[in-house]
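S.K.: Provided herewith: my_file30.txt, compact mmCIF, C-alpha atoms and all ligand atoms.
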```txt
# COMPACT_ATOMS: atom_id res chain seq x y z
CA MET A 1 -53.13 7.56 -9.77
CA PRO A 2 -54.60 9.33 -6.75
CA THR A 3 -56.80 6.42 -5.71
CA LEU A 4 -54.05 3.90 -5.01
CA PRO A 5 -52.93 5.08 -1.58
CA LEU A 6 -56.56 5.09 -0.42
CA LEU A 7 -57.04 1.57 -1.65
CA PHE A 8 -54.03 0.38 0.32
CA LEU A 9 -55.18 2.28 3.35
CA SER A 10 -58.58 0.63 3.38
CA LEU A 11 -57.08 -2.81 2.79
CA GLY A 12 -54.83 -2.23 5.78
CA LEU A 13 -57.73 -1.19 8.02
CA GLY A 14 -59.77 -4.18 6.87
CA LEU A 15 -57.02 -6.57 7.91
CA ALA A 16 -56.42 -4.86 11.22
CA ARG A 17 -60.07 -4.90 12.27
CA ALA A 18 -61.42 -8.18 10.86
CA GLN A 19 -64.43 -6.42 9.40
CA GLN A 20 -67.94 -7.67 9.85
CA ASP A 21 -69.47 -9.64 6.99
CA GLU A 22 -72.36 -7.24 6.47
CA SER A 23 -74.15 -9.51 4.00
CA GLN A 24 -75.29 -11.61 6.99
CA VAL A 25 -76.71 -8.58 8.77
CA PRO A 26 -78.68 -6.24 6.49
CA ALA A 27 -79.69 -3.01 8.22
CA GLN A 28 -83.29 -1.78 8.15
CA PRO A 29 -83.80 -0.22 4.69
CA GLY A 30 -84.34 3.54 4.93
CA PHE A 31 -83.05 3.57 8.50
CA HIS A 32 -83.14 6.93 10.25
CA PRO A 33 -81.71 7.29 13.80
CA LYS A 34 -84.77 9.25 14.99
CA GLN A 35 -86.83 6.06 14.56
CA VAL A 36 -85.02 4.34 17.43
CA GLU A 37 -84.81 7.28 19.81
CA GLY A 38 -86.68 7.13 23.11
CA PHE A 39 -87.65 4.51 25.66
CA TRP A 40 -87.41 0.75 25.17
CA TYR A 41 -88.42 -2.44 26.95
CA THR A 42 -86.21 -5.49 26.42
CA ARG A 43 -88.19 -8.64 25.59
CA GLN A 44 -85.78 -11.28 24.31
CA LEU A 45 -82.06 -11.93 24.06
CA GLY A 46 -80.48 -14.70 22.00
CA SER A 47 -76.86 -15.60 21.42
CA THR A 48 -74.49 -18.01 19.75
CA ASP A 49 -73.00 -18.30 23.27
CA ARG A 50 -75.86 -18.74 25.70
CA SER A 51 -73.73 -18.04 28.78
CA VAL A 52 -73.44 -14.33 27.94
CA ILE A 53 -77.21 -13.78 28.11
CA GLU A 54 -77.87 -15.88 31.20
CA GLU A 55 -78.14 -14.27 34.65
CA GLY A 56 -74.74 -12.73 35.39
CA GLY A 57 -73.65 -12.88 31.72
CA SER A 58 -71.92 -9.88 30.13
CA TYR A 59 -74.77 -9.23 27.64
CA ARG A 60 -77.64 -9.77 30.10
CA CYS A 61 -79.01 -6.23 29.78
CA TYR A 62 -82.30 -4.38 29.83
CA MET A 63 -82.09 -1.50 27.40
CA SER A 64 -84.02 1.48 28.69
CA SER A 65 -83.46 4.23 26.13
CA ILE A 66 -81.59 5.44 23.08
CA ARG A 67 -80.61 9.03 22.51
CA VAL A 68 -79.15 10.42 19.28
CA LEU A 69 -76.45 13.00 19.94
CA ASP A 70 -75.57 15.96 17.73
CA ASN A 71 -72.40 14.27 16.51
CA GLY A 72 -74.40 11.27 15.27
CA ASN A 73 -73.43 8.95 18.12
CA VAL A 74 -76.19 6.93 19.76
CA ASN A 75 -76.21 6.86 23.57
CA VAL A 76 -77.63 3.49 24.53
CA THR A 77 -78.69 3.35 28.18
CA TYR A 78 -79.36 0.02 29.88
CA PHE A 79 -79.68 -1.68 33.26
CA HIS A 80 -77.82 -4.75 34.37
CA ARG A 81 -77.45 -6.64 37.65
CA GLN A 82 -74.32 -6.18 39.68
CA ASN A 83 -74.06 -7.88 43.07
CA GLY A 84 -77.82 -8.34 43.06
CA ARG A 85 -78.61 -4.70 42.34
CA CYS A 86 -79.81 -3.01 39.18
CA VAL A 87 -77.20 -0.61 37.88
CA GLU A 88 -77.69 1.88 35.07
CA ASP A 89 -74.96 2.23 32.48
CA PHE A 90 -74.58 3.39 28.90
CA TYR A 91 -72.44 2.88 25.83
CA MET A 92 -71.82 5.13 22.88
CA GLY A 93 -72.42 3.71 19.39
CA GLU A 94 -70.33 5.50 16.77
CA PRO A 95 -71.73 5.73 13.24
CA THR A 96 -69.86 3.71 10.61
CA GLY A 97 -71.01 5.77 7.62
CA SER A 98 -73.47 3.03 6.68
CA PRO A 99 -77.03 3.82 7.87
CA GLY A 100 -78.17 1.66 10.78
CA ARG A 101 -74.66 0.45 11.66
CA TYR A 102 -72.57 1.54 14.64
CA THR A 103 -69.53 0.30 16.53
CA PHE A 104 -68.51 0.43 20.17
CA GLN A 105 -65.89 -1.12 22.42
CA TYR A 106 -67.03 -3.60 25.06
CA GLU A 107 -65.02 -6.75 25.69
CA GLY A 108 -63.57 -6.22 22.22
CA LEU A 109 -65.06 -4.51 19.20
CA ASN A 110 -68.83 -4.65 18.73
CA TYR A 111 -70.76 -4.06 15.53
CA LEU A 112 -74.29 -2.89 16.26
CA THR A 113 -76.87 -3.14 13.48
CA PHE A 114 -80.48 -1.99 13.60
CA VAL A 115 -81.81 -4.94 11.64
CA ALA A 116 -85.53 -4.21 11.79
CA VAL A 117 -87.36 -1.14 13.04
CA GLY A 118 -91.13 -0.92 13.36
CA ASP A 119 -93.57 1.45 15.05
CA ASP A 120 -93.43 -0.50 18.31
CA PHE A 121 -90.32 -2.70 18.10
CA VAL A 122 -86.66 -2.85 17.17
CA VAL A 123 -84.39 -5.82 16.43
CA ILE A 124 -80.71 -5.20 17.22
CA ASP A 125 -77.80 -7.39 16.17
CA LEU A 126 -74.53 -7.19 18.10
CA GLU A 127 -71.47 -8.93 16.70
CA ASN A 128 -68.53 -9.03 19.08
CA HIS A 129 -65.02 -9.54 17.70
CA LYS A 130 -62.08 -10.31 19.91
CA ASP A 131 -58.90 -12.34 19.61
CA SER A 132 -60.55 -15.45 21.03
CA GLY A 133 -63.33 -15.36 18.42
CA GLN A 134 -66.73 -13.92 17.58
CA LEU A 135 -70.09 -14.04 19.18
CA ILE A 136 -73.49 -12.78 18.15
CA VAL A 137 -76.22 -11.39 20.36
CA ALA A 138 -79.68 -10.71 18.88
CA GLU A 139 -82.09 -8.52 20.84
CA LEU A 140 -85.80 -7.80 20.59
CA HIS A 141 -87.09 -4.63 22.25
CA SER A 142 -90.55 -3.08 22.21
CA ARG A 143 -91.96 0.34 23.04
CA THR A 144 -94.32 -1.03 25.68
CA PRO A 145 -94.54 -4.26 27.68
CA LEU A 146 -97.18 -5.42 25.17
CA ALA A 147 -96.04 -8.06 22.71
CA SER A 148 -95.51 -7.00 19.10
CA GLU A 149 -96.38 -9.70 16.58
CA LEU A 150 -94.48 -8.02 13.76
CA GLY A 151 -91.49 -7.58 16.04
CA GLN A 152 -91.57 -11.22 17.06
CA GLN A 153 -91.68 -12.31 13.42
CA ALA A 154 -88.74 -10.09 12.50
CA TYR A 155 -86.80 -11.36 15.51
CA ASP A 156 -87.49 -15.04 14.82
CA GLY A 157 -86.41 -14.58 11.19
CA HIS A 158 -83.24 -12.82 12.22
CA THR A 159 -82.18 -15.33 14.90
CA HIS A 160 -82.80 -18.15 12.44
CA ARG A 161 -80.65 -16.44 9.82
CA ARG A 162 -77.86 -15.95 12.38
CA GLY A 163 -77.88 -19.59 13.46
CA ILE A 164 -79.17 -18.85 16.98
CA GLN A 165 -81.17 -21.86 18.20
CA PRO A 166 -84.58 -21.35 19.87
CA GLY A 167 -83.08 -22.94 23.02
CA ASP A 168 -80.47 -20.18 23.13
CA ILE A 169 -83.03 -17.37 23.37
CA VAL A 170 -84.18 -16.10 26.75
CA ASP A 171 -87.48 -14.31 27.30
CA LEU A 172 -87.00 -11.47 29.75
CA THR A 173 -90.61 -10.34 29.91
CA ALA A 174 -91.27 -12.90 32.67
CA ASP A 175 -87.94 -12.38 34.43
CA PRO A 176 -88.66 -11.80 38.14
CA ALA A 177 -85.24 -10.10 38.44
CA ARG A 178 -85.86 -7.72 35.55
CA CYS A 179 -84.43 -4.24 35.96
CA SER A 180 -86.20 -1.03 35.08
CA ALA A 181 -85.99 2.61 36.02
CA SER A 182 -88.06 1.89 39.12
CA SER A 183 -86.41 -1.34 40.36
CA PRO A 184 -84.37 -1.37 43.58
C1 LIG B 1 -76.02 8.98 28.10
O1 LIG B 1 -77.27 8.79 28.74
C2 LIG B 1 -77.19 8.67 30.15
C3 LIG B 1 -78.56 8.45 30.75
O2 LIG B 1 -79.57 8.20 29.84
C4 LIG B 1 -76.59 9.89 30.76
O3 LIG B 1 -76.45 9.70 32.15
C5 LIG B 1 -75.23 10.15 30.14
O4 LIG B 1 -74.71 11.35 30.65
C6 LIG B 1 -75.34 10.23 28.64
N1 LIG B 1 -74.00 10.39 28.10
C7 LIG B 1 -73.72 11.27 27.16
C8 LIG B 1 -72.26 11.37 26.80
O5 LIG B 1 -74.55 11.91 26.59
```
Starting from the coordinates I provided, produce the structure as structure tokens.
M.R.:
Amino acid sequence: MPTLPLLFLSLGLGLARAQQDESQVPAQPGFHPKQVEGFWYTRQLGSTDRSVIEEGGSYRCYMSSIRVLDNGNVNVTYFHRQNGRCVEDFYMGEPTGSPGRYTFQYEGLNYLTFVAVGDDFVVIDLENHKDSGQLIVAELHSRTPLASELGQQAYDGHTHRRGIQPGDIVDLTADPARCSASSP
């Protein structure tokens, strides 16, 4: 019975990591990493814990680009404010073996899912797991500062499905403190 040890192994990993319930977060069908490569403009952030996306919150970020590395990792570059200044940083999403899904460590374990990908937009779901509980951050990014109607529809549908209230979504397009490659 060669399959038994593997079964036990995966059960053990599942318990240790408190796996994500993927049924709540379907990835974009036919996802290919090349679709999300390049420059991005962050439009909206929503969360089950509003404090993390408010000014000074740990998920208040302006994604600037995604690069796909040879090993399959995605290098996600973003700006955030630190002591009033825009600082560039990046994190490395590691593929999970399931297309459109990555993990990375940041204040616990994060599951990153590319939920919807269009020509000019992407909807990203981040699910953070740590001992004190879970939180969800849903992000809408576009290729240009111009609004994307399809992107907005996909984002609204996704935040609704994830139980994120309209009042817990911030629009960063009008943020006077927004960071970009050219901000001070
Ligand atoms: C990730 O991207 C940033 C800038 O876009 C770069 O500075 C950094 O070296 C990259 N990291 C890796 C490991 O490729």
S.K.: Within 12 Å of ligand LIG 1 (chain B), counting all atoms listed in the file: which residues, as a PyMOL selection string?
M.R.: chain A and resi 37-40+63-79+87-94+181
S.K.: Can you tell me, as a PyMOL selection string, which residues sit within 8 Å of (-85.6, -10.7, 22.6) in the file's frame, using only C-alpha atoms?
M.R.: chain A and resi 42-46+123+138-141+155+169-172
S.K.: Taking 3 positions as the minimum chain separation for residues in the same chain, which residues sit within 10 Å of Leu146 of chain A when counting only C-alpha atoms? Answer as a PyMOL selection string.
M.R.: chain A and resi 41+43+120+142-143+149+173
S.K.: Choose the residue, out of A:Gly108, A:Pro33, A:Gly118, A:Gly151, that has the smallest atom-to-atom separation from Asp131 of chain A; count all atoms listed in the file.
M.R.: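 Using all atoms listed in the file, the shortest distance to Asp131 of chain A belongs to A:Gly108.
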S.K.: Which of these, A:Cys179, A:Cys61, A:Val122, A:Cys86, has the shortest distance to Gln28 of chain A once you count all atoms listed in the file?
M.R.: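 Using all atoms listed in the file, the shortest distance to Gln28 of chain A belongs to A:Val122.
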S.K.: Could you check which of A:Val52, A:Phe104, A:Gly57, A:Val115 is closest to His158 of chain A, using only C-alpha atoms?
M.R.: A:Val115
S.K.: Looking at A:Val137, A:Leu112, A:Ala177, A:Ile53, which one is nearest to Glu22 of chain A, with distances taken over all atoms listed in the file?
M.R.: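 Among A:Val137, A:Leu112, A:Ala177, A:Ile53, it is A:Leu112 that comes nearest to Glu22 of chain A.
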S.K.: Please give the centre and size of the box around segment 144-158 of chain A (axis-aligned, containing every atom listed in the file, 5 Å added per side), with values in Å to one decimal and written as lines of an AutoDock Vina configuration file.
M.R.:
```
center_x = -90.2
center_y = -8.0
center_z = 19.4
size_x = 23.9
size_y = 24.0
size_z = 26.5
```
S.K.: By how many Å are atom CA of Glu107 of chain A and atom CA of Pro95 of chain A apart?
M.R.: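 Atom-to-atom, atom CA of Glu107 of chain A to atom CA of Pro95 of chain A, that is 18.9 Å.
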S.K.: Taking (-62.0, -15.6, 21.2) in the file's coordinates as the center, which residues reach within 12 Å of it, counting all atoms listed in the file, put as a list in words?
M.R.: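 Residues with an atom close enough to that point: Asp49, Glu107, Gly108, Leu109, Asn128, His129, Lys130, Asp131, Ser132, Gly133, Gln134 and Leu135 of chain A.
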S.K.: Just to confirm, what's the straight-line distance from atom CA of Leu126 of chain A to atom CA of Lys34 of chain A in Å (one decimal)?
M.R.: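 Going from atom CA of Leu126 of chain A over to atom CA of Lys34 of chain A, I get 19.6 Å.
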S.K.: Considering all atoms listed in the file, state which residue in the set A:Ser98, A:Thr103, A:Gln165, A:Ser180 is at the smallest distance from Ala27 of chain A.
M.R.: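 Among A:Ser98, A:Thr103, A:Gln165, A:Ser180, it is A:Ser98 that comes nearest to Ala27 of chain A.
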S.K.: Restrict the output to segment 77-107 of chain A and N, CA, C and O atoms, then write it as a CSV table (one decimal), in the first residue's frame.
M.R.:
```csv
chain,number,residue,atom,x,y,z
A,77,THR,N,6.1,43.9,-6.1
A,77,THR,CA,6.7,45.1,-5.6
A,77,THR,C,5.6,46.1,-5.3
A,77,THR,O,4.6,46.2,-6.0
A,78,TYR,N,5.8,46.8,-4.2
A,78,TYR,CA,4.8,47.8,-3.8
A,78,TYR,C,5.4,48.9,-3.0
A,78,TYR,O,6.5,48.8,-2.5
A,79,PHE,N,4.6,50.0,-2.8
A,79,PHE,CA,5.0,51.1,-2.0
A,79,PHE,C,4.1,51.2,-0.8
A,79,PHE,O,3.0,50.8,-0.8
A,80,HIS,N,4.7,51.6,0.3
A,80,HIS,CA,3.9,51.9,1.5
A,80,HIS,C,4.5,53.1,2.2
A,80,HIS,O,5.7,53.4,1.9
A,81,ARG,N,3.8,53.7,3.1
A,81,ARG,CA,4.2,54.9,3.8
A,81,ARG,C,4.9,54.4,5.1
A,81,ARG,O,4.3,53.6,5.9
A,82,GLN,N,6.1,55.0,5.4
A,82,GLN,CA,6.8,54.7,6.6
A,82,GLN,C,7.3,56.0,7.1
A,82,GLN,O,8.1,56.7,6.4
A,83,ASN,N,6.9,56.5,8.3
A,83,ASN,CA,7.3,57.8,8.8
A,83,ASN,C,7.1,58.9,7.8
A,83,ASN,O,7.9,59.7,7.6
A,84,GLY,N,5.9,58.8,7.1
A,84,GLY,CA,5.5,59.9,6.2
A,84,GLY,C,6.2,59.8,4.8
A,84,GLY,O,5.9,60.6,3.9
A,85,ARG,N,7.0,58.8,4.6
A,85,ARG,CA,7.7,58.7,3.3
A,85,ARG,C,7.3,57.4,2.6
A,85,ARG,O,7.0,56.4,3.2
A,86,CYS,N,7.3,57.5,1.2
A,86,CYS,CA,7.0,56.3,0.4
A,86,CYS,C,8.2,55.4,0.3
A,86,CYS,O,9.3,55.9,-0.1
A,87,VAL,N,8.0,54.2,0.7
A,87,VAL,CA,9.1,53.2,0.7
A,87,VAL,C,8.8,52.1,-0.2
A,87,VAL,O,7.6,51.6,-0.2
A,88,GLU,N,9.7,51.7,-1.0
A,88,GLU,CA,9.5,50.5,-1.9
A,88,GLU,C,9.9,49.2,-1.3
A,88,GLU,O,10.9,49.2,-0.6
A,89,ASP,N,9.1,48.2,-1.4
A,89,ASP,CA,9.4,46.9,-0.8
A,89,ASP,C,8.9,45.8,-1.8
A,89,ASP,O,8.2,46.1,-2.7
A,90,PHE,N,9.2,44.6,-1.5
A,90,PHE,CA,8.6,43.5,-2.3
A,90,PHE,C,8.4,42.3,-1.5
A,90,PHE,O,9.1,42.1,-0.4
A,91,TYR,N,7.6,41.4,-1.9
A,91,TYR,CA,7.4,40.1,-1.3
A,91,TYR,C,7.4,39.0,-2.4
A,91,TYR,O,7.1,39.3,-3.6
A,92,MET,N,7.8,37.8,-2.0
A,92,MET,CA,7.9,36.7,-3.0
A,92,MET,C,6.8,35.7,-2.8
A,92,MET,O,6.7,35.1,-1.8
A,93,GLY,N,5.9,35.6,-3.8
A,93,GLY,CA,4.8,34.6,-3.7
A,93,GLY,C,5.3,33.3,-4.2
A,93,GLY,O,5.9,33.3,-5.3
A,94,GLU,N,5.2,32.3,-3.5
A,94,GLU,CA,5.6,30.9,-3.9
A,94,GLU,C,4.4,30.1,-4.4
A,94,GLU,O,3.4,30.1,-3.8
A,95,PRO,N,4.6,29.5,-5.6
A,95,PRO,CA,3.5,28.8,-6.2
A,95,PRO,C,3.1,27.6,-5.3
A,95,PRO,O,3.9,27.0,-4.6
A,96,THR,N,1.8,27.3,-5.3
A,96,THR,CA,1.3,26.2,-4.4
A,96,THR,C,1.1,25.0,-5.2
A,96,THR,O,0.7,23.9,-4.7
A,97,GLY,N,1.2,25.0,-6.6
A,97,GLY,CA,0.9,23.9,-7.4
A,97,GLY,C,-0.5,24.0,-8.0
A,97,GLY,O,-0.8,23.2,-8.9
A,98,SER,N,-1.3,24.9,-7.5
A,98,SER,CA,-2.6,25.2,-8.0
A,98,SER,C,-2.5,26.5,-8.8
A,98,SER,O,-2.2,27.5,-8.1
A,99,PRO,N,-2.9,26.5,-10.1
A,99,PRO,CA,-2.7,27.8,-10.8
A,99,PRO,C,-3.4,29.0,-10.2
A,99,PRO,O,-4.5,28.9,-9.8
A,100,GLY,N,-2.7,30.1,-10.1
A,100,GLY,CA,-3.3,31.3,-9.6
A,100,GLY,C,-3.2,31.4,-8.1
A,100,GLY,O,-3.7,32.4,-7.6
A,101,ARG,N,-2.6,30.5,-7.4
A,101,ARG,CA,-2.5,30.5,-6.0
A,101,ARG,C,-1.0,30.5,-5.5
A,101,ARG,O,-0.3,29.6,-6.0
A,102,TYR,N,-0.7,31.4,-4.6
A,102,TYR,CA,0.6,31.5,-4.1
A,102,TYR,C,0.6,31.7,-2.6
A,102,TYR,O,-0.5,32.0,-2.0
A,103,THR,N,1.7,31.5,-1.9
A,103,THR,CA,1.8,31.8,-0.5
A,103,THR,C,3.0,32.6,-0.2
A,103,THR,O,4.0,32.6,-0.9
A,104,PHE,N,2.9,33.4,0.9
A,104,PHE,CA,4.1,34.1,1.4
A,104,PHE,C,3.9,34.4,2.9
A,104,PHE,O,2.8,34.4,3.4
A,105,GLN,N,5.0,34.7,3.5
A,105,GLN,CA,5.0,35.0,4.9
A,105,GLN,C,5.0,36.5,5.1
A,105,GLN,O,5.8,37.2,4.6
A,106,TYR,N,4.0,37.0,5.9
A,106,TYR,CA,4.0,38.4,6.3
A,106,TYR,C,3.0,38.5,7.4
A,106,TYR,O,1.8,38.3,7.2
A,107,GLU,N,3.5,38.7,8.6
A,107,GLU,CA,2.6,38.7,9.8
A,107,GLU,C,1.8,37.5,9.8
A,107,GLU,O,0.6,37.5,10.0
```
